[in-house]
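Engineer: After the structure tokens below, expect a handful of questions from me.
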Amino acid sequence: MKKIISGISALAMVMALAPMSAFADTTIKQTDTLPKTADSSVEFSVDPTYTVTIPAKVTLADNGEGIYTNSGTLKAEGVKLAEGKEIVVSLTSASKFNMQTSATSEYKLPYTAEGAFGKLTDKEAGGIVAKFATSTTVQNTPVTFTTDETPKYAGTYTDPVVFTIEVGNITTTAGE
Amino acid sequence: MKTNKIIAGLSTLAMVSALAPMSAFATNVTPDTDGKPSPASAGFEVKYDVDPSYTVTIPAGVDITTGDKTASITLNEGALLAEGSKIEVVLDKGAYTTTGNAFTAKTASGNSSASYQINGGDVKVGDVVASLDKDTLSADLTFSRTTTIAPTYAGTHSEVLTFKVSVKTS
């Protein structure tokens, strides 16, 4: 019996150009006392860059006690964000984290996801599973999916989940 | 017979208001013993000073986010300088770059630095970047990002450059 959770692969690059400051040219005339100095500004914006990779699917395996579990790894590399910003990855499930063998099957196999900040207890809203800060190294965060009970029926259970990637201000999440 | 001796002067127009005092050479012409005017001629000096007149424009700045940009330091058309004189513009300093040709821009917090160069690295702090006169009315400076210093963070990096303008006489 296979339990498959399919995700979304995401490759994101945000172009956030800061507006250029408004400068005025400096004019120096013969009436000015020389030497005279004038300031000029050189400005450029470094665009945020990052690649976040979400596993396409995670196949759960029996742990020997009737519970199925496995982990998928969220990977972030080349993360360069504006100072004070971080990438936040959230996980939601339209089924509220219940797998089925088919869309019409009555039986739903509940499961729980656990990311960097513990188990997602609010299955309706989902929650944050990973955060990635500016870093020159590759960052990996496992997300573990575990069924809450022993399946009642044989079959291949699946549930699509959605990983949402946002760039926000650095904050503290419960569990950090 | 006495002849009126009239020495005509010239009306002078000065381009600028600061006229130097004119020298006065009054000459009295009188008949000599032969009745001829003496002296037979007299000099008259016409003099005026033309003050320098010019406008040098230093560009406010450049944004090289999307690629190399060229900014020009200019001298106005019709500028008047003393013969042999030039307007000299020196790149005096940068807010973060005090020597050399590797320029550094920083974020507002100062926690992230990134590098750039001017005219392909040919310009360093202290260099004369413009020498302007009636024949050379502008000097271009091309700013380019470099990879010498990799920024720690994304965001706006900037540096204020200070140019010193003076008149040099050869």
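Identifiers in the structure tokens: chain A, B, ... in order shown; residue index from 1 per chain; ligand index from 1 in order shown.
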Which residues of chain A come within 7 Å of chain B, and for each one, what is the closest pair of atoms and their distance in Å to one decimal, counting only C-alpha atoms, sorted by chain and residue number, as a Markdown table?

Structural biologist:
```
| residue | atom | partner | partner_atom | distance |
| --- | --- | --- | --- | --- |
| A:Ala18 | CA | B:Thr156 | CA | 6.2 |
| A:Met20 | CA | B:Asp63 | CA | 6.8 |
| A:Phe23 | CA | B:Ala60 | CA | 5.1 |
| A:Ala24 | CA | B:Ala60 | CA | 4.9 |
| A:Asp25 | CA | B:Ala60 | CA | 4.1 |
| A:Thr26 | CA | B:Ile58 | CA | 5.0 |
| A:Thr27 | CA | B:Thr57 | CA | 4.4 |
| A:Ile28 | CA | B:Val56 | CA | 4.9 |
| A:Lys29 | CA | B:Thr55 | CA | 4.5 |
| A:Gln30 | CA | B:Ser53 | CA | 5.4 |
| A:Leu34 | CA | B:Ser166 | CA | 5.3 |
| A:Pro35 | CA | B:Ser166 | CA | 4.4 |
| A:Lys36 | CA | B:Val165 | CA | 5.2 |
| A:Thr37 | CA | B:Lys164 | CA | 4.2 |
| A:Ala38 | CA | B:Phe163 | CA | 5.2 |
| A:Asp39 | CA | B:Thr162 | CA | 4.4 |
| A:Ser40 | CA | B:Ala60 | CA | 4.8 |
| A:Ser41 | CA | B:Val160 | CA | 4.2 |
| A:Val42 | CA | B:Val62 | CA | 5.1 |
| A:Glu43 | CA | B:Ser158 | CA | 4.1 |
| A:Phe44 | CA | B:Thr65 | CA | 4.3 |
| A:Ser45 | CA | B:Thr156 | CA | 4.1 |
| A:Val46 | CA | B:Ala154 | CA | 4.7 |
| A:Asp47 | CA | B:Ala154 | CA | 5.4 |
| A:Pro48 | CA | B:Ala154 | CA | 5.0 |
| A:Lys80 | CA | B:Tyr153 | CA | 5.5 |
| A:Leu81 | CA | B:Ala154 | CA | 4.8 |
| A:Ala82 | CA | B:Ala154 | CA | 4.2 |
| A:Glu83 | CA | B:Tyr153 | CA | 5.6 |
```

Engineer: Since we have the selection now, will you write its residues out, keeping N, CA, C and O atoms, as an mmCIF file, in the first residue's frame?

Structural biologist:
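See out37.cif below for the written result:
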```
data_model
loop_
_atom_site.group_PDB
_atom_site.id
_atom_site.type_symbol
_atom_site.label_atom_id
_atom_site.label_comp_id
_atom_site.auth_asym_id
_atom_site.auth_seq_id
_atom_site.Cartn_x
_atom_site.Cartn_y
_atom_site.Cartn_z
ATOM 1 N N ALA A 18 14.456 48.724 -5.898
ATOM 2 C CA ALA A 18 14.137 49.872 -5.070
ATOM 3 C C ALA A 18 14.171 51.124 -5.936
ATOM 4 O O ALA A 18 14.974 51.224 -6.847
ATOM 5 N N MET A 20 15.049 54.722 -7.265
ATOM 6 C CA MET A 20 16.260 55.511 -7.117
ATOM 7 C C MET A 20 15.941 56.806 -6.390
ATOM 8 O O MET A 20 14.892 57.387 -6.575
ATOM 9 N N PHE A 23 17.866 62.865 -7.067
ATOM 10 C CA PHE A 23 19.008 63.751 -6.910
ATOM 11 C C PHE A 23 18.826 64.944 -7.831
ATOM 12 O O PHE A 23 18.056 64.899 -8.781
ATOM 13 N N ALA A 24 19.586 65.973 -7.578
ATOM 14 C CA ALA A 24 19.608 67.121 -8.484
ATOM 15 C C ALA A 24 21.048 67.340 -8.912
ATOM 16 O O ALA A 24 21.980 67.173 -8.124
ATOM 17 N N ASP A 25 21.206 67.711 -10.178
ATOM 18 C CA ASP A 25 22.538 68.041 -10.655
ATOM 19 C C ASP A 25 23.080 69.230 -9.870
ATOM 20 O O ASP A 25 22.324 70.090 -9.412
ATOM 21 N N THR A 26 24.387 69.286 -9.742
ATOM 22 C CA THR A 26 25.024 70.431 -9.106
ATOM 23 C C THR A 26 25.648 71.301 -10.186
ATOM 24 O O THR A 26 26.359 70.797 -11.055
ATOM 25 N N THR A 27 25.361 72.578 -10.142
ATOM 26 C CA THR A 27 25.996 73.500 -11.094
ATOM 27 C C THR A 27 26.947 74.417 -10.335
ATOM 28 O O THR A 27 26.638 74.888 -9.239
ATOM 29 N N ILE A 28 28.087 74.615 -10.941
ATOM 30 C CA ILE A 28 29.110 75.487 -10.348
ATOM 31 C C ILE A 28 29.380 76.609 -11.335
ATOM 32 O O ILE A 28 29.662 76.352 -12.513
ATOM 33 N N LYS A 29 29.289 77.843 -10.859
ATOM 34 C CA LYS A 29 29.446 79.000 -11.735
ATOM 35 C C LYS A 29 30.658 79.818 -11.331
ATOM 36 O O LYS A 29 31.272 79.577 -10.280
ATOM 37 N N GLN A 30 30.955 80.783 -12.179
ATOM 38 C CA GLN A 30 32.127 81.625 -11.961
ATOM 39 C C GLN A 30 32.011 82.442 -10.681
ATOM 40 O O GLN A 30 32.998 82.909 -10.141
ATOM 41 N N LEU A 34 36.233 78.930 -5.748
ATOM 42 C CA LEU A 34 36.869 77.656 -6.092
ATOM 43 C C LEU A 34 38.095 77.414 -5.227
ATOM 44 O O LEU A 34 38.713 78.362 -4.783
ATOM 45 N N PRO A 35 38.498 76.168 -4.999
ATOM 46 C CA PRO A 35 37.788 74.985 -5.477
ATOM 47 C C PRO A 35 36.496 74.762 -4.720
ATOM 48 O O PRO A 35 36.370 75.141 -3.563
ATOM 49 N N LYS A 36 35.570 74.146 -5.410
ATOM 50 C CA LYS A 36 34.272 73.849 -4.806
ATOM 51 C C LYS A 36 33.976 72.370 -5.035
ATOM 52 O O LYS A 36 34.341 71.817 -6.068
ATOM 53 N N THR A 37 33.326 71.762 -4.074
ATOM 54 C CA THR A 37 33.028 70.339 -4.217
ATOM 55 C C THR A 37 31.549 70.130 -4.527
ATOM 56 O O THR A 37 30.706 70.965 -4.180
ATOM 57 N N ALA A 38 31.285 69.033 -5.199
ATOM 58 C CA ALA A 38 29.908 68.661 -5.525
ATOM 59 C C ALA A 38 29.773 67.156 -5.359
ATOM 60 O O ALA A 38 30.679 66.406 -5.711
ATOM 61 N N ASP A 39 28.654 66.734 -4.824
ATOM 62 C CA ASP A 39 28.434 65.312 -4.598
ATOM 63 C C ASP A 39 27.575 64.701 -5.696
ATOM 64 O O ASP A 39 26.676 65.343 -6.239
ATOM 65 N N SER A 40 27.887 63.469 -5.987
ATOM 66 C CA SER A 40 27.134 62.709 -6.970
ATOM 67 C C SER A 40 26.988 61.303 -6.415
ATOM 68 O O SER A 40 27.897 60.794 -5.765
ATOM 69 N N SER A 41 25.870 60.689 -6.661
ATOM 70 C CA SER A 41 25.630 59.377 -6.057
ATOM 71 C C SER A 41 25.620 58.268 -7.099
ATOM 72 O O SER A 41 25.047 58.420 -8.169
ATOM 73 N N VAL A 42 26.277 57.190 -6.761
ATOM 74 C CA VAL A 42 26.216 55.974 -7.573
ATOM 75 C C VAL A 42 25.338 54.984 -6.824
ATOM 76 O O VAL A 42 25.544 54.754 -5.637
ATOM 77 N N GLU A 43 24.347 54.477 -7.509
ATOM 78 C CA GLU A 43 23.363 53.647 -6.814
ATOM 79 C C GLU A 43 22.984 52.455 -7.678
ATOM 80 O O GLU A 43 22.873 52.575 -8.888
ATOM 81 N N PHE A 44 22.823 51.326 -7.046
ATOM 82 C CA PHE A 44 22.262 50.188 -7.767
ATOM 83 C C PHE A 44 21.572 49.258 -6.795
ATOM 84 O O PHE A 44 21.874 49.234 -5.613
ATOM 85 N N SER A 45 20.638 48.546 -7.338
ATOM 86 C CA SER A 45 19.864 47.628 -6.514
ATOM 87 C C SER A 45 20.289 46.197 -6.800
ATOM 88 O O SER A 45 20.401 45.791 -7.953
ATOM 89 N N VAL A 46 20.553 45.481 -5.746
ATOM 90 C CA VAL A 46 20.870 44.060 -5.877
ATOM 91 C C VAL A 46 19.554 43.291 -5.740
ATOM 92 O O VAL A 46 18.883 43.386 -4.712
ATOM 93 N N ASP A 47 19.196 42.595 -6.774
ATOM 94 C CA ASP A 47 17.921 41.885 -6.766
ATOM 95 C C ASP A 47 17.976 40.682 -5.826
ATOM 96 O O ASP A 47 19.006 40.015 -5.740
ATOM 97 N N PRO A 48 16.871 40.391 -5.149
ATOM 98 C CA PRO A 48 16.818 39.164 -4.357
ATOM 99 C C PRO A 48 16.961 37.951 -5.273
ATOM 100 O O PRO A 48 16.438 37.950 -6.393
ATOM 101 N N LYS A 80 19.606 35.115 -1.240
ATOM 102 C CA LYS A 80 20.085 36.474 -0.959
ATOM 103 C C LYS A 80 18.867 37.384 -0.962
ATOM 104 O O LYS A 80 18.253 37.635 -1.987
ATOM 105 N N LEU A 81 18.513 37.833 0.223
ATOM 106 C CA LEU A 81 17.323 38.661 0.398
ATOM 107 C C LEU A 81 17.726 40.007 0.951
ATOM 108 O O LEU A 81 18.861 40.197 1.393
ATOM 109 N N ALA A 82 16.812 40.926 0.942
ATOM 110 C CA ALA A 82 17.058 42.203 1.602
ATOM 111 C C ALA A 82 17.255 41.947 3.088
ATOM 112 O O ALA A 82 16.685 40.990 3.646
ATOM 113 N N GLU A 83 18.063 42.791 3.693
ATOM 114 C CA GLU A 83 18.334 42.625 5.119
ATOM 115 C C GLU A 83 17.022 42.661 5.903
ATOM 116 O O GLU A 83 16.165 43.510 5.659
#
```

Engineer: For Ile87 (chain A), please output as a list in words all residues within 6 Å (counting only C-alpha atoms; exclusion window: fewer than 4 positions along the same chain).

Structural biologist: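 Listing them by chain and then by number gives Lys131, Phe132, Glu166 and Val167 of chain A.
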
Engineer: Emit the selected residues as an mmCIF file, in the first residue's frame, including C-alpha atoms.

Structural biologist:
```cif
data_model
loop_
_atom_site.group_PDB
_atom_site.id
_atom_site.type_symbol
_atom_site.label_atom_id
_atom_site.label_comp_id
_atom_site.auth_asym_id
_atom_site.auth_seq_id
_atom_site.Cartn_x
_atom_site.Cartn_y
_atom_site.Cartn_z
ATOM 1 C CA LYS A 131 12.087 29.365 6.931
ATOM 2 C CA PHE A 132 15.177 30.235 4.973
ATOM 3 C CA GLU A 166 6.603 34.027 0.565
ATOM 4 C CA VAL A 167 9.262 36.556 1.410
#
```
